file entry_26.tsv (TSV, C-alpha atoms)
chain	number	residue	atom	x	y	z
A	164	MET	CA	19.47	2.35	17.20
A	165	LYS	CA	20.61	1.19	13.76
A	166	ILE	CA	19.02	-1.26	11.37
A	167	SER	CA	21.66	-3.54	9.86
A	168	LEU	CA	21.67	-6.15	7.14
A	169	ARG	CA	24.59	-8.54	7.13
A	170	ALA	CA	27.28	-7.95	4.53
A	171	VAL	CA	26.52	-11.30	2.92
A	172	VAL	CA	23.12	-10.00	1.81
A	173	GLY	CA	24.76	-7.04	0.09
A	174	ALA	CA	27.30	-9.28	-1.58
A	175	LEU	CA	24.60	-11.54	-2.92
A	176	LEU	CA	22.57	-8.59	-4.15
A	177	LEU	CA	25.54	-7.07	-5.90
A	178	ALA	CA	26.16	-10.34	-7.68
A	179	GLY	CA	22.60	-10.68	-8.89
A	180	ILE	CA	21.64	-10.26	-12.51
A	181	GLY	CA	18.94	-12.31	-14.21
A	182	SER	CA	18.57	-15.81	-12.83
A	183	ALA	CA	17.96	-15.39	-9.12
A	184	SER	CA	17.65	-19.03	-8.21
A	185	ALA	CA	20.88	-20.03	-9.93
A	186	ALA	CA	22.96	-17.39	-8.17
A	187	GLY	CA	21.26	-17.65	-4.77
A	188	ILE	CA	20.05	-14.04	-4.89
A	189	PRO	CA	17.52	-13.29	-2.11
A	190	LEU	CA	15.27	-11.09	-4.27
A	191	SER	CA	13.30	-12.11	-7.35
A	192	VAL	CA	10.82	-10.21	-9.53
A	193	GLU	CA	7.93	-11.68	-11.51
A	194	LEU	CA	5.38	-10.21	-13.92
A	195	LYS	CA	1.87	-11.53	-14.48
A	196	ALA	CA	-0.85	-10.36	-16.84
A	197	GLN	CA	-3.63	-8.82	-14.79
A	198	ALA	CA	-7.24	-9.06	-15.90
A	199	SER	CA	-9.16	-5.80	-15.58
A	200	LYS	CA	-12.79	-5.31	-16.63
A	201	GLY	CA	-12.35	-1.56	-17.02
A	202	ALA	CA	-9.17	-1.65	-19.09
A	203	PRO	CA	-8.61	-5.09	-20.66
A	204	GLY	CA	-5.09	-5.91	-21.71
A	205	GLU	CA	-3.50	-2.91	-20.00
A	206	SER	CA	-2.31	-4.03	-16.57
A	207	VAL	CA	0.43	-6.21	-15.14
A	208	LEU	CA	0.99	-7.51	-11.63
A	209	TRP	CA	4.56	-6.75	-10.50
A	210	GLN	CA	5.75	-8.95	-7.63
A	211	ILE	CA	8.98	-8.90	-5.63
A	212	THR	CA	9.82	-11.76	-3.26
A	213	ASN	CA	12.45	-11.98	-0.55
A	214	ARG	CA	13.61	-15.60	-0.55
A	215	SER	CA	16.26	-15.11	2.14
A	216	ASP	CA	15.98	-15.69	5.89
A	217	GLU	CA	16.28	-12.03	6.88
A	218	ALA	CA	14.63	-8.74	5.99
A	219	VAL	CA	15.75	-6.65	3.02
A	220	TYR	CA	14.96	-2.95	2.56
A	221	VAL	CA	14.49	-1.75	-1.04
A	222	LEU	CA	14.13	1.77	-2.38
A	223	ARG	CA	10.46	2.48	-3.03
A	224	TRP	CA	10.85	4.76	-6.02
A	225	GLU	CA	12.73	2.10	-7.97
A	226	THR	CA	9.62	-0.07	-7.68
A	227	PRO	CA	6.00	0.54	-8.76
A	228	LEU	CA	4.73	0.08	-5.19
A	229	ASP	CA	3.77	3.77	-5.01
A	230	GLY	CA	3.14	4.16	-8.73
A	231	LEU	CA	5.64	4.93	-11.47
A	232	SER	CA	8.06	7.83	-11.12
A	233	ARG	CA	10.18	6.87	-14.15
A	234	SER	CA	10.30	4.12	-16.75
A	235	ILE	CA	11.13	0.76	-15.16
A	236	PHE	CA	9.45	-1.50	-17.72
A	237	GLU	CA	10.55	-2.45	-21.21
A	238	VAL	CA	7.49	-2.21	-23.45
A	239	SER	CA	7.54	-3.08	-27.14
A	240	TYR	CA	5.06	-3.54	-30.01
A	241	LYS	CA	6.00	-5.69	-33.00
A	242	GLY	CA	9.63	-5.54	-31.87
A	243	GLN	CA	9.74	-1.73	-31.58
A	244	PRO	CA	10.12	0.04	-28.20
A	245	VAL	CA	7.13	1.94	-26.88
A	246	ARG	CA	7.72	5.39	-25.41
A	247	TYR	CA	7.28	6.14	-21.70
A	248	MET	CA	4.98	9.18	-21.42
A	249	ASP	CA	4.40	9.56	-17.69
A	250	LYS	CA	6.23	11.72	-15.15
A	251	ILE	CA	9.98	11.42	-14.53
A	252	VAL	CA	10.75	12.32	-10.91
A	253	HIS	CA	14.15	13.66	-9.86
A	254	TRP	CA	14.73	12.17	-6.42
A	255	GLY	CA	17.51	13.18	-4.05
A	256	HIS	CA	19.71	11.09	-1.77
A	257	PRO	CA	17.40	8.49	-0.19
A	258	GLN	CA	16.49	8.66	3.46
A	259	ALA	CA	15.54	5.71	5.66
A	260	ASP	CA	11.80	6.23	5.22
A	261	ASP	CA	12.21	6.00	1.43
A	262	PHE	CA	12.77	2.25	1.81
A	263	VAL	CA	10.22	-0.51	2.18
A	264	LYS	CA	10.89	-3.59	4.27
A	265	ILE	CA	10.44	-7.02	2.72
A	266	ALA	CA	10.33	-9.67	5.42
A	267	PRO	CA	11.83	-13.15	4.93
A	268	GLY	CA	9.63	-15.08	2.52
A	269	GLN	CA	7.37	-12.08	1.91
A	270	THR	CA	6.05	-11.04	-1.50
A	271	LEU	CA	5.03	-7.45	-2.22
A	272	SER	CA	2.83	-6.70	-5.22
A	273	ALA	CA	1.69	-3.75	-7.29
A	274	GLU	CA	-0.83	-3.65	-10.13
A	275	VAL	CA	0.43	-1.33	-12.86
A	276	ASN	CA	-1.67	-0.02	-15.72
A	277	ILE	CA	1.01	-0.05	-18.41
A	278	ALA	CA	-1.12	1.74	-20.99
A	279	ALA	CA	-1.62	4.66	-18.61
A	280	SER	CA	2.10	5.43	-18.76
A	281	TYR	CA	3.42	3.92	-22.01
A	282	GLU	CA	2.22	4.95	-25.46
A	283	MET	CA	0.03	1.99	-26.40
A	284	THR	CA	-2.07	3.49	-29.21
A	285	SER	CA	-2.34	0.42	-31.43
A	286	ALA	CA	-4.52	-2.61	-30.77
A	287	GLY	CA	-2.59	-5.86	-30.58
A	288	ASP	CA	0.04	-7.77	-28.63
A	289	TYR	CA	2.57	-5.89	-26.51
A	290	THR	CA	5.65	-7.39	-24.83
A	291	ILE	CA	6.23	-6.21	-21.26
A	292	GLY	CA	9.51	-6.85	-19.47
A	293	PHE	CA	11.25	-5.66	-16.33
A	294	ASP	CA	14.98	-5.08	-16.09
A	295	GLY	CA	15.67	-2.55	-13.38
A	296	GLN	CA	18.03	-1.45	-10.67
A	297	LEU	CA	16.91	-2.03	-7.11
A	298	SER	CA	18.85	-0.22	-4.40
A	299	TYR	CA	18.90	-1.71	-0.92
A	300	MET	CA	19.74	-0.36	2.51
A	301	MET	CA	22.64	-1.92	4.32
A	302	GLU	CA	22.62	0.42	7.29
A	303	ALA	CA	20.42	3.36	8.27
A	304	ASN	CA	20.45	5.71	11.22
A	305	GLU	CA	16.88	5.80	12.51
A	306	LYS	CA	17.36	8.99	14.50
A	307	SER	CA	18.60	11.13	11.61
A	308	GLY	CA	16.90	9.15	8.87
A	309	HIS	CA	20.08	9.40	6.77
A	310	VAL	CA	21.17	6.35	4.87
A	311	GLU	CA	24.82	5.63	5.61
A	312	ASP	CA	25.45	2.77	3.22
A	313	LEU	CA	23.76	1.87	-0.01
A	314	GLY	CA	24.18	-0.89	-2.57
A	315	ALA	CA	22.37	-1.83	-5.75
A	316	SER	CA	21.39	-4.87	-7.73
A	317	GLN	CA	20.15	-5.36	-11.28
A	318	LEU	CA	17.14	-7.67	-11.39
A	319	SER	CA	15.11	-8.86	-14.35
A	320	ALA	CA	11.85	-10.73	-14.89
A	321	ASP	CA	10.67	-12.88	-17.77
A	322	ALA	CA	8.69	-10.84	-20.29
A	323	ILE	CA	4.94	-11.36	-20.68
A	324	GLN	CA	2.41	-10.56	-23.42
A	325	LEU	CA	-0.55	-8.20	-23.14
A	326	ASN	CA	-3.23	-7.95	-25.79
A	327	SER	CA	-4.43	-4.36	-25.66
A	328	LEU	CA	-7.31	-2.59	-27.40
A	329	GLY	CA	-5.12	0.53	-27.62
A	330	ARG	CA	-5.71	4.04	-26.32
A	331	SER	CA	-6.45	7.26	-28.17
A	332	PRO	CA	-3.37	9.37	-29.03
A	333	THR	CA	-5.19	12.29	-27.39
A	334	TYR	CA	-4.82	10.61	-24.01
A	335	TYR	CA	-1.03	10.71	-24.28
A	336	GLN	CA	-0.99	14.22	-25.73
A	337	ASN	CA	-2.84	15.44	-22.65
A	338	LEU	CA	-0.83	13.44	-20.10
A	339	GLY	CA	0.70	15.99	-17.73
A	340	ALA	CA	-0.64	18.97	-19.69
A	341	PRO	CA	-0.64	22.18	-17.61
A	342	THR	CA	-3.87	23.35	-16.00
A	343	GLY	CA	-4.86	26.48	-14.10
A	344	ALA	CA	-3.80	30.10	-14.32
A	345	MET	CA	-0.18	31.07	-14.96
A	346	ASP	CA	1.72	34.28	-14.24
A	347	PHE	CA	3.96	35.18	-17.20
A	348	THR	CA	7.12	37.27	-17.10
A	349	LYS	CA	9.74	37.87	-19.78
A	350	ALA	CA	11.94	35.05	-18.44
A	351	ALA	CA	9.42	32.41	-17.43
A	352	ALA	CA	5.89	31.55	-16.39
A	353	TYR	CA	4.83	30.54	-12.89
A	354	ALA	CA	1.95	28.42	-11.67
A	355	ASN	CA	0.87	28.04	-8.04
A	356	CYS	CA	3.96	29.93	-6.80
A	357	THR	CA	4.18	32.51	-4.01
A	358	THR	CA	5.89	35.85	-4.63
A	359	SER	CA	9.02	34.74	-2.74
A	360	ARG	CA	9.25	31.54	-4.74
A	361	LYS	CA	8.90	33.44	-8.00
A	362	THR	CA	11.86	35.56	-6.93
A	363	SER	CA	13.90	32.45	-6.09
A	364	LEU	CA	12.94	30.86	-9.39
A	365	ALA	CA	14.01	33.92	-11.38
A	366	SER	CA	17.50	33.56	-9.88
A	367	ALA	CA	17.53	29.81	-10.49
A	368	HIS	CA	16.42	30.34	-14.10
A	369	THR	CA	19.25	32.83	-14.65
A	370	GLN	CA	21.74	30.36	-13.16
A	371	ALA	CA	20.44	27.58	-15.41
A	372	LYS	CA	20.88	29.82	-18.46
A	373	THR	CA	24.46	30.48	-17.39
A	374	TYR	CA	25.11	26.76	-16.93
A	375	ALA	CA	23.58	25.93	-20.31
A	376	THR	CA	25.55	28.61	-22.15
A	377	ASN	CA	28.81	27.56	-20.50
A	378	SER	CA	28.15	23.89	-21.29
A	379	LEU	CA	27.35	24.64	-24.92
A	380	ASN	CA	30.47	26.78	-25.29
A	381	TYR	CA	32.54	23.88	-24.00
A	382	MET	CA	30.95	21.44	-26.43
A	383	ASN	CA	31.31	23.89	-29.33
A	384	SER	CA	35.03	24.14	-28.57
A	385	GLY	CA	35.43	20.43	-29.33
A	386	SER	CA	37.21	19.78	-26.04
A	387	THR	CA	37.38	16.22	-24.70
A	388	SER	CA	39.32	17.00	-21.55
A	389	ALA	CA	38.63	15.77	-17.99
A	390	ARG	CA	35.34	17.59	-17.59
A	391	TYR	CA	33.85	15.74	-20.55
A	392	THR	CA	35.30	12.30	-19.82
A	393	THR	CA	34.38	12.47	-16.11
A	394	TRP	CA	30.69	12.85	-16.87
A	395	PHE	CA	30.27	11.34	-20.33
A	396	GLY	CA	33.06	8.81	-20.58
A	397	SER	CA	35.39	7.96	-23.43
A	398	TYR	CA	35.09	9.97	-26.62
A	399	THR	CA	33.32	8.90	-29.76
A	400	SER	CA	32.14	11.37	-32.37
A	401	THR	CA	28.57	10.02	-32.18
A	402	ARG	CA	28.26	10.37	-28.40
A	403	TYR	CA	29.91	13.78	-28.44
A	404	ALA	CA	27.47	14.96	-31.11
A	405	SER	CA	24.54	13.74	-28.98
A	406	VAL	CA	25.67	15.67	-25.92
A	407	LYS	CA	26.33	18.78	-28.02
A	408	SER	CA	22.85	18.50	-29.53
A	409	HIS	CA	21.30	18.22	-26.07
A	410	TYR	CA	22.99	21.39	-24.81
A	411	THR	CA	22.20	23.25	-28.02
A	412	LYS	CA	18.52	22.54	-27.47
A	413	ILE	CA	18.56	23.14	-23.71
A	414	SER	CA	20.38	26.46	-24.08
A	415	GLY	CA	18.08	27.52	-26.90
A	416	ALA	CA	14.99	26.68	-24.89
A	417	LEU	CA	16.15	28.46	-21.73
A	418	ASN	CA	17.11	31.58	-23.67
A	419	ASN	CA	14.34	31.71	-26.25
A	420	SER	CA	11.31	29.77	-25.00
A	421	THR	CA	8.96	30.13	-22.05
A	422	VAL	CA	9.69	27.74	-19.21
A	423	THR	CA	6.79	27.21	-16.81
A	424	TYR	CA	7.70	26.56	-13.18
A	425	ASN	CA	4.87	24.90	-11.30
A	426	CYS	CA	5.15	25.00	-7.50
A	427	ALA	CA	2.29	22.52	-6.97
A	428	CYS	CA	4.20	19.29	-6.36
A	429	ALA	CA	2.18	16.09	-6.08
A	430	PRO	CA	2.16	14.86	-2.43
A	431	ALA	CA	3.61	11.46	-3.40
A	432	ASN	CA	6.69	13.24	-4.79
A	433	ALA	CA	7.07	15.86	-2.06
A	434	SER	CA	10.59	14.82	-1.03
A	435	ALA	CA	11.93	14.97	-4.59
A	436	PHE	CA	13.66	17.85	-6.37
A	437	ALA	CA	11.30	18.11	-9.33
A	438	TYR	CA	9.50	16.20	-12.05
A	439	VAL	CA	8.42	16.62	-15.66
A	440	TYR	CA	6.34	14.88	-18.28
A	441	PRO	CA	8.76	14.39	-21.20
A	442	SER	CA	6.17	15.23	-23.87
A	443	GLN	CA	5.10	18.50	-22.15
A	444	PRO	CA	7.84	21.09	-22.71
A	445	TYR	CA	8.67	23.18	-20.81
A	446	GLN	CA	6.56	22.52	-17.69
A	447	ILE	CA	8.67	21.78	-14.58
A	448	TYR	CA	7.07	20.81	-11.27
A	449	LEU	CA	9.15	21.75	-8.24
A	450	CYS	CA	9.27	19.84	-4.94
A	451	ASN	CA	10.78	20.18	-1.46
A	452	ALA	CA	14.41	19.24	-2.20
A	453	PHE	CA	14.55	21.98	-4.84
A	454	TRP	CA	13.64	24.69	-2.34
A	455	SER	CA	16.25	23.56	0.18
A	456	ALA	CA	19.03	23.48	-2.44
A	457	ALA	CA	21.57	26.24	-3.12
A	458	ASN	CA	21.21	28.30	-6.29
A	459	SER	CA	24.48	26.97	-7.73
A	460	GLY	CA	26.95	24.15	-7.10
A	461	THR	CA	26.38	20.41	-6.77
A	462	ASP	CA	22.70	19.40	-6.73
A	463	SER	CA	21.67	23.04	-7.05
A	464	ARG	CA	18.51	24.74	-8.23
A	465	GLY	CA	20.20	25.88	-11.42
A	466	GLY	CA	21.57	22.39	-12.02
A	467	THR	CA	18.18	20.83	-11.33
A	468	ILE	CA	16.66	22.92	-14.11
A	469	ILE	CA	19.34	21.61	-16.52
A	470	HIS	CA	18.51	18.07	-15.36
A	471	GLU	CA	14.79	18.56	-15.98
A	472	MET	CA	15.23	20.31	-19.32
A	473	SER	CA	17.27	17.35	-20.59
A	474	HIS	CA	14.30	15.02	-19.96
A	475	PHE	CA	12.03	16.67	-22.51
A	476	THR	CA	11.80	14.57	-25.63
A	477	ILE	CA	12.52	17.53	-27.92
A	478	ASN	CA	15.74	18.25	-25.99
A	479	GLY	CA	17.12	14.71	-26.09
A	480	GLY	CA	14.79	12.71	-23.86
A	481	THR	CA	17.28	11.68	-21.19
A	482	SER	CA	16.47	9.06	-18.55
A	483	ASP	CA	17.29	8.63	-14.85
A	484	TYR	CA	19.52	5.56	-14.95
A	485	VAL	CA	21.44	6.67	-11.85
A	486	TYR	CA	21.45	9.54	-9.36
A	487	GLY	CA	24.31	11.27	-7.57
A	488	GLN	CA	27.88	12.18	-8.51
A	489	THR	CA	29.33	8.78	-7.60
A	490	GLY	CA	26.75	6.92	-9.67
A	491	ALA	CA	27.12	9.34	-12.59
A	492	LYS	CA	30.92	9.00	-12.63
A	493	ASN	CA	30.66	5.21	-12.51
A	494	LEU	CA	28.15	5.23	-15.35
A	495	ALA	CA	30.45	7.39	-17.49
A	496	ARG	CA	33.30	4.98	-16.89
A	497	THR	CA	31.41	1.72	-17.38
A	498	ASN	CA	28.64	2.63	-19.84
A	499	PRO	CA	29.25	5.90	-21.73
A	500	ALA	CA	26.28	5.24	-24.02
A	501	LYS	CA	23.95	5.45	-21.02
A	502	ALA	CA	25.89	8.35	-19.48
A	503	VAL	CA	25.13	10.57	-22.47
A	504	GLN	CA	21.45	9.77	-21.91
A	505	ASN	CA	21.44	10.22	-18.13
A	506	ALA	CA	20.03	13.49	-16.74
A	507	ASP	CA	22.30	13.70	-13.68
A	508	ASN	CA	25.39	13.44	-15.90
A	509	HIS	CA	24.17	16.52	-17.76
A	510	GLU	CA	23.49	18.32	-14.49
A	511	TYR	CA	26.92	17.57	-13.01
A	512	PHE	CA	28.72	18.46	-16.23
A	513	SER	CA	26.95	21.84	-16.16
A	514	GLU	CA	27.48	22.49	-12.45
A	515	ASN	CA	31.16	21.51	-12.86
A	516	THR	CA	31.81	21.24	-9.11
A	517	PRO	CA	34.67	20.79	-8.35
A	518	ALA	CA	35.71	22.67	-11.48
A	519	GLN	CA	37.46	20.81	-14.30
A	520	ASN	CA	38.67	22.08	-17.66
call {"tool": "encode", "arguments": {"input": "entry_26.tsv", "output": "structure tokens"}}
result
Amino acid sequence: MKISLRAVVGALLLAGIGSASAAGIPLSVELKAQASKGAPGESVLWQITNRSDEAVYVLRWETPLDGLSRSIFEVSYKGQPVRYMDKIVHWGHPQADDFVKIAPGQTLSAEVNIAASYEMTSAGDYTIGFDGQLSYMMEANEKSGHVEDLGASQLSADAIQLNSLGRSPTYYQNLGAPTGAMDFTKAAAYANCTTSRKTSLASAHTQAKTYATNSLNYMNSGSTSARYTTWFGSYTSTRYASVKSHYTKISGALNNSTVTYNCACAPANASAFAYVYPSQPYQIYLCNAFWSAANSGTDSRGGTIIHEMSHFTINGGTSDYVYGQTGAKNLARTNPAKAVQNADNHEYFSENTPAQN
């Protein structure tokens, strides 16, 4: 049995940016300030409403319904952006059970403590906005759980104001900090890993070093051939310098610093490849998709390590704007500025599969 949404729903979703009511888009998002006695001025209520006459299935991890797994809010203080400090989760290709159903006329809500994830250290007024991609399922095979067709829409919500008392900088410094005993070797450190996983990780670490060195050599050569333009788009000296800087730092860290691989993945992220806290170099948490991946090639263990290393603020602080080779190629073509800040574009450039010069 297959779940289907009519093509007209997908067409409407693809058309939708900003004003939902004007364009007839079936989904709308709204933000409301949420009063909280324990943490005044820190929380928002995120609501998504299906205003169509049939069900829509949206990808959970692009919403805060199960908590944040990347930055989906735009937070600013006195006109300056506020850093996202919480975990960034590297998801794989979505399966059917990664979607949540929104019935006709239904509204789903999530209360989000913004200050728990964004660096709100100063007391005062903060502006909170939402402008995010929401993927939807057109057709899924229930037996295999594999999503056959996927579309995406960009939705936004009017910004709101929160008056926060501010949090201690220490809170953010400790967010995601490693805990527990670690087993150190010359190449890396391991936490909560079995002997067999340590062996697998040693091979993956070596592969990541090879990828990083090869990528840096390419960038040092000054080449702007197909390999570069496929994953990072049209050339400008500024964007090229950014990518080169990222690989310089990633290669240096993999070859000269201790990378800690933590095999204790949070249950909510079990189906993902890995996750990191961008301000906690170089602690990488590994999840189920990582262990089922090959050591090299597309979406590999070695490539995943490159992806995660690029997220650390000191290595360039990349984001997860899109996942997958198709999305990364499209991003490079349509928005090179975002491509040079997207982790999967760095991973696929390094994996170079199929090979390009």
call {"tool": "residues_around", "arguments": {"input": "entry_26.tsv", "residues": "A:Glu217", "least_positions_apart": "2", "cutoff": "7 Å", "atoms": "all atoms listed in the file", "output": "number ranges by chain"}}
result
A: 215, 219, 266-267
call {"tool": "closest_residue", "arguments": {"input": "entry_26.tsv", "among": "A:Thr489, A:Ser298, A:Thr461, A:Ser378", "to": "A:Tyr391", "atoms": "only C-alpha atoms"}}
result
A:Ser378
call {"tool": "atom_distance", "arguments": {"input": "entry_26.tsv", "atom1": "atom CA of A:Pro441", "atom2": "atom CA of A:Asp249"}}
result
7.4 Å
call {"tool": "closest_residue", "arguments": {"input": "entry_26.tsv", "among": "A:Gln324, A:Asn425, A:Thr399, A:Thr212", "to": "A:Arg360", "atoms": "all atoms listed in the file"}}
result
A:Asn425
call {"tool": "closest_residue", "arguments": {"input": "entry_26.tsv", "among": "A:Ala431, A:Ile469, A:Ala196, A:Leu364", "to": "A:Leu228", "atoms": "only C-alpha atoms"}}
result
A:Ala431
call {"tool": "axis_aligned_box", "arguments": {"input": "entry_26.tsv", "around": "stretch 368-379 of chain A", "padding_each_side": "3 Å", "output": "lines of an AutoDock Vina configuration file"}}
result
center_x = 22.6
center_y = 28.4
center_z = -19.0
size_x = 18.4
size_y = 14.9
size_z = 17.8
call {"tool": "residues_around", "arguments": {"input": "entry_26.tsv", "residues": "stretch 239-243 of chain A", "least_positions_apart": "2", "cutoff": "7 Å", "atoms": "only C-alpha atoms", "output": "list in words"}}
result
Glu237, Val245, Asp288, Tyr289, Thr290 and Ile291 of chain A
